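Have a look at model_27.txt; it's compact mmCIF, C-alpha atoms:
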# COMPACT_ATOMS: atom_id res chain seq x y z
CA MET I 1 104.69 91.80 90.95
CA SER I 2 105.89 88.60 89.31
CA THR I 3 106.28 88.52 85.53
CA CYS I 4 104.82 85.03 85.24
CA TYR I 5 101.33 86.36 84.52
CA THR I 6 102.26 89.58 82.75
CA LYS I 7 103.79 87.71 79.81
CA ARG I 8 100.72 85.49 79.38
CA PRO I 9 97.19 86.90 79.58
CA ILE I 10 94.42 86.34 82.07
CA LEU I 11 91.16 85.28 80.42
CA ILE I 12 87.80 86.24 81.90
CA ALA I 13 84.98 83.94 80.76
CA GLY I 14 81.66 85.66 81.39
CA LEU I 15 81.21 89.43 81.64
CA GLY I 16 78.14 89.92 83.76
CA SER I 17 78.37 91.91 86.99
CA ILE I 18 80.81 89.57 88.75
CA GLY I 19 83.04 89.17 85.68
CA ARG I 20 83.30 92.94 85.39
CA ARG I 21 84.09 93.24 89.08
CA HIS I 22 86.99 90.84 88.59
CA LEU I 23 88.10 92.82 85.52
CA ARG I 24 88.18 96.09 87.48
CA ASN I 25 90.04 94.49 90.36
CA LEU I 26 92.68 93.05 88.04
CA LEU I 27 93.19 96.49 86.52
CA ALA I 28 93.44 98.03 89.99
CA MET I 29 96.18 95.50 90.77
CA GLY I 30 98.10 96.57 87.68
CA VAL I 31 97.25 93.49 85.62
CA ASP I 32 96.19 94.69 82.17
CA ASN I 33 97.14 91.76 79.94
CA ILE I 34 93.54 90.59 79.85
CA ILE I 35 91.41 88.90 77.20
CA LEU I 36 87.68 88.25 77.28
CA TYR I 37 85.36 85.41 76.31
CA ARG I 38 81.71 86.39 76.17
CA THR I 39 78.51 85.46 74.40
CA GLY I 40 77.13 89.01 74.43
CA LYS I 41 74.10 88.16 76.57
CA SER I 42 75.02 90.53 79.39
CA THR I 43 72.60 93.42 79.86
CA LEU I 44 75.41 95.76 80.94
CA PRO I 45 76.90 98.37 78.53
CA ASP I 46 80.03 97.41 76.61
CA ASP I 47 82.02 100.64 77.00
CA GLU I 48 84.54 99.37 79.57
CA LEU I 49 85.24 96.22 77.51
CA LYS I 50 86.12 97.79 74.16
CA LYS I 51 89.89 97.99 74.64
CA PHE I 52 90.31 94.27 75.45
CA PRO I 53 90.64 91.48 72.86
CA THR I 54 87.27 89.73 72.89
CA PHE I 55 86.28 86.29 71.62
CA SER I 56 82.89 84.68 71.17
CA ASN I 57 84.43 81.21 70.87
CA LEU I 58 86.26 79.73 73.86
CA GLU I 59 88.65 77.69 71.72
CA ASP I 60 89.76 80.86 69.94
CA ALA I 61 90.33 82.59 73.27
CA LEU I 62 92.40 79.67 74.59
CA ARG I 63 94.68 79.84 71.53
CA ASN I 64 96.07 83.01 73.15
CA ASN I 65 97.65 80.76 75.80
CA PRO I 66 96.26 82.39 78.96
CA ILE I 67 98.00 81.41 82.17
CA GLY I 68 94.82 81.73 84.21
CA VAL I 69 91.09 81.86 83.57
CA ILE I 70 88.39 83.46 85.71
CA ILE I 71 85.13 81.62 85.07
CA SER I 72 82.20 83.93 85.85
CA ASN I 73 79.49 82.82 83.45
CA PRO I 74 76.15 81.31 84.64
CA THR I 75 76.42 78.38 87.05
CA SER I 76 75.11 75.83 84.56
CA LEU I 77 78.04 76.65 82.23
CA HIS I 78 80.81 76.47 84.85
CA VAL I 79 81.88 72.85 84.43
CA PRO I 80 81.82 72.69 80.60
CA THR I 81 83.94 75.86 80.56
CA ALA I 82 86.29 74.57 83.27
CA MET I 83 86.79 71.26 81.44
CA MET I 84 88.02 73.06 78.32
CA VAL I 85 90.15 75.46 80.32
CA ALA I 86 91.79 72.75 82.43
CA LYS I 87 92.52 70.63 79.36
CA ALA I 88 94.28 73.71 77.93
CA ASN I 89 96.52 73.67 81.02
CA CYS I 90 95.24 76.96 82.49
CA HIS I 91 94.91 77.76 86.20
CA VAL I 92 91.32 78.45 87.25
CA LEU I 93 89.38 80.77 89.52
CA MET I 94 85.75 79.68 89.22
CA GLU I 95 82.82 81.49 90.72
CA LYS I 96 80.67 79.65 93.21
CA PRO I 97 78.85 77.36 93.14
CA VAL I 98 81.03 75.08 91.06
CA SER I 99 77.94 73.72 89.32
CA HIS I 100 74.25 72.91 89.72
CA THR I 101 74.83 69.13 89.42
CA LEU I 102 77.66 66.70 90.27
CA GLU I 103 77.98 65.65 86.63
CA ASN I 104 81.57 65.60 85.27
CA LEU I 105 83.08 66.95 88.50
CA THR I 106 85.10 63.79 89.17
CA GLU I 107 86.60 64.03 85.69
CA LEU I 108 87.32 67.74 86.19
CA GLN I 109 89.08 67.00 89.48
CA LYS I 110 91.25 64.40 87.74
CA ILE I 111 92.26 66.79 84.95
CA VAL I 112 93.14 69.49 87.48
CA SER I 113 95.18 67.04 89.53
CA ASP I 114 96.94 65.42 86.56
CA ASN I 115 97.91 68.82 85.14
CA LYS I 116 98.94 70.12 88.59
CA LEU I 117 96.76 73.20 88.19
CA THR I 118 95.76 75.81 90.73
CA PHE I 119 91.98 75.73 91.06
CA ILE I 120 90.22 78.16 93.37
CA THR I 121 86.50 78.22 94.09
CA GLY I 122 85.36 81.82 94.48
CA TYR I 123 83.81 81.83 97.94
CA GLN I 124 84.95 85.33 98.80
CA PHE I 125 83.76 85.22 102.42
CA ARG I 126 86.90 83.21 103.14
CA PHE I 127 88.59 86.61 102.86
CA HIS I 128 86.33 88.45 105.31
CA PRO I 129 88.64 89.57 108.12
CA ALA I 130 86.00 89.05 110.83
CA LEU I 131 85.36 85.46 109.75
CA GLN I 132 89.11 84.90 109.70
CA ARG I 133 89.24 86.25 113.26
CA ILE I 134 86.39 83.93 114.30
CA GLU I 135 88.28 80.95 112.91
CA LYS I 136 91.32 82.06 114.96
CA TRP I 137 89.23 82.36 118.14
CA LEU I 138 87.93 78.84 117.64
CA CYS I 139 91.42 77.48 117.04
CA GLU I 140 92.37 79.05 120.38
CA GLU I 141 89.33 77.31 121.97
CA ARG I 142 88.18 80.61 123.47
CA ILE I 143 84.55 79.44 123.91
CA GLY I 144 85.29 75.77 124.56
CA ARG I 145 83.63 72.92 122.72
CA ILE I 146 81.19 74.10 120.03
CA ILE I 147 77.57 73.14 120.70
CA SER I 148 75.68 74.77 117.84
CA THR I 149 75.86 77.35 115.08
CA HIS I 150 73.26 79.45 113.32
CA VAL I 151 73.30 81.45 110.08
CA HIS I 152 70.54 83.75 108.85
CA TRP I 153 70.80 85.40 105.43
CA GLY I 154 67.81 87.12 103.88
CA GLU I 155 68.22 89.49 100.92
CA ASP I 156 65.72 90.81 98.39
CA VAL I 157 66.86 89.46 95.01
CA ARG I 158 64.75 92.08 93.23
CA ASN I 159 67.15 94.80 94.40
CA TRP I 160 70.45 93.15 93.41
CA HIS I 161 70.96 94.66 89.96
CA SER I 162 69.22 97.90 89.08
CA TRP I 163 70.15 97.58 85.38
CA GLU I 164 68.29 94.34 84.65
CA ASP I 165 64.98 92.54 85.12
CA TYR I 166 65.77 90.21 88.04
CA SER I 167 63.33 87.59 86.73
CA LYS I 168 65.61 87.00 83.73
CA SER I 169 68.83 86.73 85.76
CA TYR I 170 70.55 83.39 86.38
CA SER I 171 69.99 83.78 90.13
CA VAL I 172 66.27 82.93 89.85
CA ARG I 173 66.33 80.53 86.89
CA SER I 174 66.77 76.87 87.73
CA GLU I 175 67.90 75.98 84.18
CA LEU I 176 70.89 78.33 84.64
CA GLY I 177 71.77 76.90 88.05
CA GLY I 178 69.99 79.55 90.09
CA GLY I 179 67.94 79.40 93.26
CA VAL I 180 68.68 80.63 96.76
CA THR I 181 70.37 77.42 97.96
CA LEU I 182 73.07 77.52 95.31
CA THR I 183 73.38 81.27 94.78
CA LEU I 184 73.65 82.10 98.50
CA SER I 185 75.70 78.99 99.33
CA HIS I 186 78.49 81.01 100.99
CA PRO I 187 77.42 79.96 104.54
CA ILE I 188 77.64 76.31 103.51
CA ASP I 189 81.27 76.89 102.59
CA TYR I 190 82.26 79.02 105.56
CA LEU I 191 80.59 76.63 108.01
CA ARG I 192 82.63 73.75 106.52
CA TRP I 193 85.76 75.90 106.83
CA ILE I 194 85.13 77.18 110.37
CA ILE I 195 83.07 74.41 112.01
CA GLY I 196 83.81 71.22 110.03
CA ASP I 197 82.38 68.67 107.62
CA VAL I 198 78.67 67.86 107.63
CA GLU I 199 77.46 64.37 108.53
CA LYS I 200 73.74 64.69 107.77
CA LEU I 201 71.02 67.27 107.17
CA TYR I 202 67.31 67.91 106.84
CA ALA I 203 65.83 70.80 104.89
CA LEU I 204 62.54 72.56 104.21
CA THR I 205 61.78 74.99 101.42
CA GLY I 206 59.12 77.65 101.13
CA ALA I 207 57.87 79.91 98.37
CA CYS I 208 56.79 83.51 97.99
CA LYS I 209 54.44 84.44 95.18
CA CYS I 210 55.93 87.93 95.02
CA ILE I 211 59.18 86.52 93.54
CA GLU I 212 59.11 85.50 89.86
CA THR I 213 61.25 82.36 89.86
CA ASN I 214 61.13 78.70 88.91
CA ALA I 215 63.83 77.94 91.49
CA ASP I 216 63.88 77.77 95.29
CA SER I 217 63.57 81.15 97.05
CA ILE I 218 63.48 80.11 100.74
CA ILE I 219 65.26 77.24 102.50
CA GLN I 220 65.90 76.18 106.08
CA ILE I 221 68.66 73.59 106.58
CA SER I 222 69.31 71.72 109.83
CA LEU I 223 72.80 70.22 110.01
CA LYS I 224 74.72 67.71 112.12
CA PHE I 225 78.49 68.12 111.87
CA LYS I 226 80.84 65.15 112.01
CA ASN I 227 82.70 66.63 114.98
CA GLY I 228 79.54 66.96 117.08
CA PRO I 229 77.82 70.37 116.78
CA ILE I 230 74.41 70.91 115.25
CA GLY I 231 73.62 73.89 113.05
CA ASN I 232 71.04 75.79 111.10
CA ILE I 233 71.18 77.81 107.87
CA TYR I 234 68.24 79.98 106.81
CA LEU I 235 68.33 81.62 103.36
CA ASP I 236 65.77 83.68 101.49
CA TYR I 237 65.40 85.96 98.47
CA ILE I 238 62.82 88.21 100.15
CA GLU I 239 63.91 89.89 103.38
CA LYS I 240 64.14 93.67 103.63
CA PRO I 241 66.41 95.08 104.91
CA THR I 242 69.15 92.58 104.23
CA LYS I 243 70.16 90.49 107.23
CA HIS I 244 73.23 88.25 107.30
CA THR I 245 74.32 87.00 110.72
CA PHE I 246 76.38 84.09 112.04
CA SER I 247 76.46 82.84 115.63
CA ILE I 248 78.35 80.08 117.38
CA ILE I 249 77.45 78.76 120.83
CA GLY I 250 80.13 77.02 122.86
CA GLU I 251 80.33 75.49 126.32
CA ARG I 252 82.04 78.57 127.78
CA GLY I 253 80.63 81.39 125.65
CA SER I 254 79.48 82.49 122.22
CA ILE I 255 80.56 84.34 119.08
CA HIS I 256 78.37 86.64 116.98
CA TRP I 257 79.00 88.22 113.57
CA ASP I 258 76.81 90.69 111.69
CA SER I 259 77.58 91.61 108.09
CA THR I 260 75.87 95.00 108.50
CA ASP I 261 78.99 96.53 110.06
CA GLY I 262 81.19 93.44 109.64
CA SER I 263 82.03 93.25 113.35
CA ALA I 264 82.44 90.07 115.39
CA SER I 265 82.07 89.76 119.17
CA ILE I 266 83.20 86.98 121.47
CA PHE I 267 81.53 86.44 124.83
CA VAL I 268 83.14 84.39 127.57
CA GLY I 269 80.38 83.69 130.02
CA SER I 270 78.11 86.72 129.82
CA THR I 271 80.95 89.19 129.30
CA CYS I 272 82.08 90.52 125.95
CA ALA I 273 85.74 89.56 125.99
CA GLU I 274 86.59 91.15 122.64
CA LYS I 275 84.92 92.94 119.76
CA TYR I 276 86.64 92.82 116.40
CA GLN I 277 86.02 95.72 114.03
CA VAL I 278 86.94 95.41 110.36
CA PRO I 279 89.65 97.83 109.13
CA PRO I 280 88.36 101.33 108.23
CA ASN I 281 89.06 100.80 104.52
CA PHE I 282 87.17 97.48 104.37
CA GLU I 283 84.21 97.30 101.99
CA ARG I 284 82.39 94.50 100.23
CA ASN I 285 84.70 94.66 97.23
CA THR I 286 87.72 94.11 99.49
CA MET I 287 86.86 90.41 99.65
CA PHE I 288 86.67 90.14 95.85
CA PHE I 289 89.92 92.07 95.44
CA ASP I 290 91.70 89.83 97.94
CA LEU I 291 90.27 86.74 96.22
CA VAL I 292 91.72 87.73 92.83
CA ASP I 293 94.98 88.84 94.41
CA HIS I 294 95.17 85.42 96.09
CA PHE I 295 94.55 83.72 92.73
CA MET I 296 97.44 85.61 91.15
CA LYS I 297 99.73 84.75 94.06
CA CYS I 298 98.77 81.07 93.77
CA ILE I 299 99.65 81.19 90.07
CA ASP I 300 102.95 82.77 91.08
CA GLY I 301 103.55 80.00 93.62
CA THR I 302 103.76 82.32 96.64
CA GLU I 303 100.48 81.17 98.23
CA LEU I 304 98.44 77.95 98.39
CA PRO I 305 94.70 77.93 97.53
CA LEU I 306 92.46 78.70 100.50
CA CYS I 307 89.32 77.34 98.82
CA THR I 308 90.02 74.52 96.41
CA LEU I 309 87.96 72.65 93.84
CA HIS I 310 87.48 69.97 96.50
CA ASP I 311 86.01 72.59 98.85
CA GLY I 312 83.69 73.77 96.09
CA VAL I 313 82.54 70.24 95.37
CA GLN I 314 81.88 69.54 99.05
CA ALA I 315 79.81 72.73 99.39
CA LEU I 316 77.84 71.74 96.28
CA LYS I 317 77.16 68.25 97.67
CA ILE I 318 75.69 69.80 100.82
CA ALA I 319 73.57 72.27 98.82
CA LEU I 320 72.24 69.54 96.52
CA ALA I 321 71.57 67.27 99.50
CA ALA I 322 69.54 70.08 101.07
CA LYS I 323 67.49 70.46 97.90
CA GLN I 324 66.98 66.68 97.76
CA SER I 325 65.96 66.58 101.43
CA ALA I 326 63.37 69.31 100.93
CA MET I 327 61.98 67.61 97.84
CA GLU I 328 61.81 64.12 99.38
CA GLY I 329 60.96 65.14 102.94
CA ARG I 330 63.68 63.07 104.58
CA GLU I 331 67.04 63.28 106.27
CA ILE I 332 70.05 62.95 103.97
CA ILE I 333 73.32 61.39 105.14
CA LEU I 334 76.37 62.70 103.36
Could you take the file, read its structure, and then write that structure out as structure tokens?
Amino acid sequence: MSTCYTKRPILIAGLGSIGRRHLRNLLAMGVDNIILYRTGKSTLPDDELKKFPTFSNLEDALRNNPIGVIISNPTSLHVPTAMMVAKANCHVLMEKPVSHTLENLTELQKIVSDNKLTFITGYQFRFHPALQRIEKWLCEERIGRIISTHVHWGEDVRNWHSWEDYSKSYSVRSELGGGVTLTLSHPIDYLRWIIGDVEKLYALTGACKCIETNADSIIQISLKFKNGPIGNIYLDYIEKPTKHTFSIIGERGSIHWDSTDGSASIFVGSTCAEKYQVPPNFERNTMFFDLVDHFMKCIDGTELPLCTLHDGVQALKIALAAKQSAMEGREIIL
């Protein structure tokens, strides 16, 4: 392990469930020079945080000269936090989505560029080995020209965190940047990564009275990609059991991924040419661990960011365009 980030601390800004996951993963990697910035609004117990220097003021935390900052507070606070952090010349790993609006993102991008900072957007599905294998299959043109792609992700938001009232969590509160389109925006990012940039879209939203939320809880997005394929993303906060699948149809075959067991299958014609199984030790946290490990290696200069601030901004533009399309009932050209 390099000493570049053991001499200067890592700051975690926001200690809800995802911030604590990052904390545990850093400790598992052997990184223990960690400081915390928190407002104390988390509903989780404080026991595991007691041994770390903790600040309730971000300026005070930044005076400790952290080399990197993990931003894991509510979505609506991401950009104000990132602006302060970037101006303090700290590298950044920021949870997705980068924001709930496009406000101040151009200025943030300039600060990051001018200061030559590493900035990673935390779309951890970039580190799913099956999705990485799918991207490889497509690069090898195993199924020919891509015709269409389809993502379905339904998950009951009421079962996410057993320790809190879901109706008070940021995920369902629009003023905190919640809603299904932003919170479950991972497919928007991995479709950009694997398929390509989006040219235009049309979206519809629905509602379910059983979910207490002032944000969107169901959305269906139809996409046209710049390189030709069409696509569809369906997201909801309701489905039981959870279903998260991804399919790609090509001229010579198809590819199918299911998050239930993590496997991916490629069909050439009607024959399954290969089935990829994730490693035996793979679990959901593996993606988060690899994300933080990647951040540390980028700080060290041994890797380049896989999901940049630009990628995060592009995913946000698509998500916001989908929300605009649903509200205005029209096609949006990006």
Near range 9-12 of chain I, counting all atoms listed in the file, which residues have an atom at most 6 Å away, once you skip same-chain residues fewer than 3 positions from it, shown as a list of chain:residue names?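 Here the qualifying residues turn out to be I:Asn33, I:Ile34, I:Ile35, I:Leu36, I:Pro66, I:Gly68, I:Val69, I:Ile70.
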When you draw a straight line from CA of Leu15 in chain I to CA of Ser42 in chain I, how long is it in Å?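 Computed distance, CA of Leu15 in chain I to CA of Ser42 in chain I, equals 6.7 Å.
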When distances are computed from all atoms listed in the file, which of I:Ala273, I:Ile67, I:Ala82, I:Leu306 shows the smallest separation from Tyr123 in chain I?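 With all atoms listed in the file as the atom set, the closest residue is I:Leu306.
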Kindly compute an axis-aligned box around the listed atoms of range 48-63 of chain I, allowing 4 Å on each side, and express its centre and edge lengths in Å to one decimal as JSON.
{"center_x": 88.8, "center_y": 88.5, "center_z": 74.8, "size_x": 19.8, "size_y": 29.7, "size_z": 17.6}
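When only C-alpha atoms are used to measure the gap to Ile146 in chain I, the shortest distance among I:Gly231, I:Pro53, I:Pro45, I:Gly14 belongs to I:Gly231.
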Counting all atoms listed in the file, which residue out of I:His78, I:His244, I:Arg8, I:Lys110 sits closest to Lys96 in chain I? I:His78
Kindly give the distance, in Å, that separates CA of Cys307 in chain I and CA of Thr149 in chain I, rounded to a single decimal.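 Spanning CA of Cys307 in chain I to CA of Thr149 in chain I is a straight-line distance of 21.1 Å.
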Residues of range 196-304 of chain I that approach range 312-315 of chain I to 12 Å or less, counting all atoms listed in the file: could you list each one with the shortest pair of atoms and its distance in Å to one decimal, rows by chain and increasing residue number, as CSV?
residue,atom,partner,partner_atom,distance
I:Gly196,CA,I:Gln314,CA,11.3
I:Asp197,CA,I:Gln314,CA,8.6
I:Val198,CA,I:Gln314,CA,9.3
I:Glu199,CA,I:Gln314,CA,11.7
Can I get the selection written as a compact mmCIF listing (two decimals), in the frame of the given file, with C-alpha atoms?
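And here is the file that came out, result.txt:
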# COMPACT_ATOMS: atom_id res chain seq x y z
CA GLY I 196 83.81 71.22 110.03
CA ASP I 197 82.38 68.67 107.62
CA VAL I 198 78.67 67.86 107.63
CA GLU I 199 77.46 64.37 108.53
A straight line from CA of Arg145 in chain I to CA of Ser263 in chain I spans 22.4 Å
Choose the residue, out of I:Leu26, I:Val278, I:Ile218, I:Leu204, that has the smallest atom-to-atom separation from Arg330 in chain I; count only C-alpha atoms.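 Under the stated criterion, the closest residue is I:Leu204.
With all atoms listed in the file as the atoms that count, the residue of I:Cys139, I:Met83, I:Leu223, I:Leu77 with the shortest distance to Ala321 in chain I is I:Leu223.
The residue that comes closest to Thr308 in chain I, out of I:Phe119, I:Tyr170, I:Phe52, I:Trp257 and on the basis of all atoms listed in the file, is I:Phe119.
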Can you tell me which residues surround Cys210 in chain I at a distance of at most 12 Å, considering all atoms listed in the file, apart from same-chain residues fewer than 4 positions away, and format the answer as a PyMOL selection string? chain I and resi 156-158+167+217+237-239
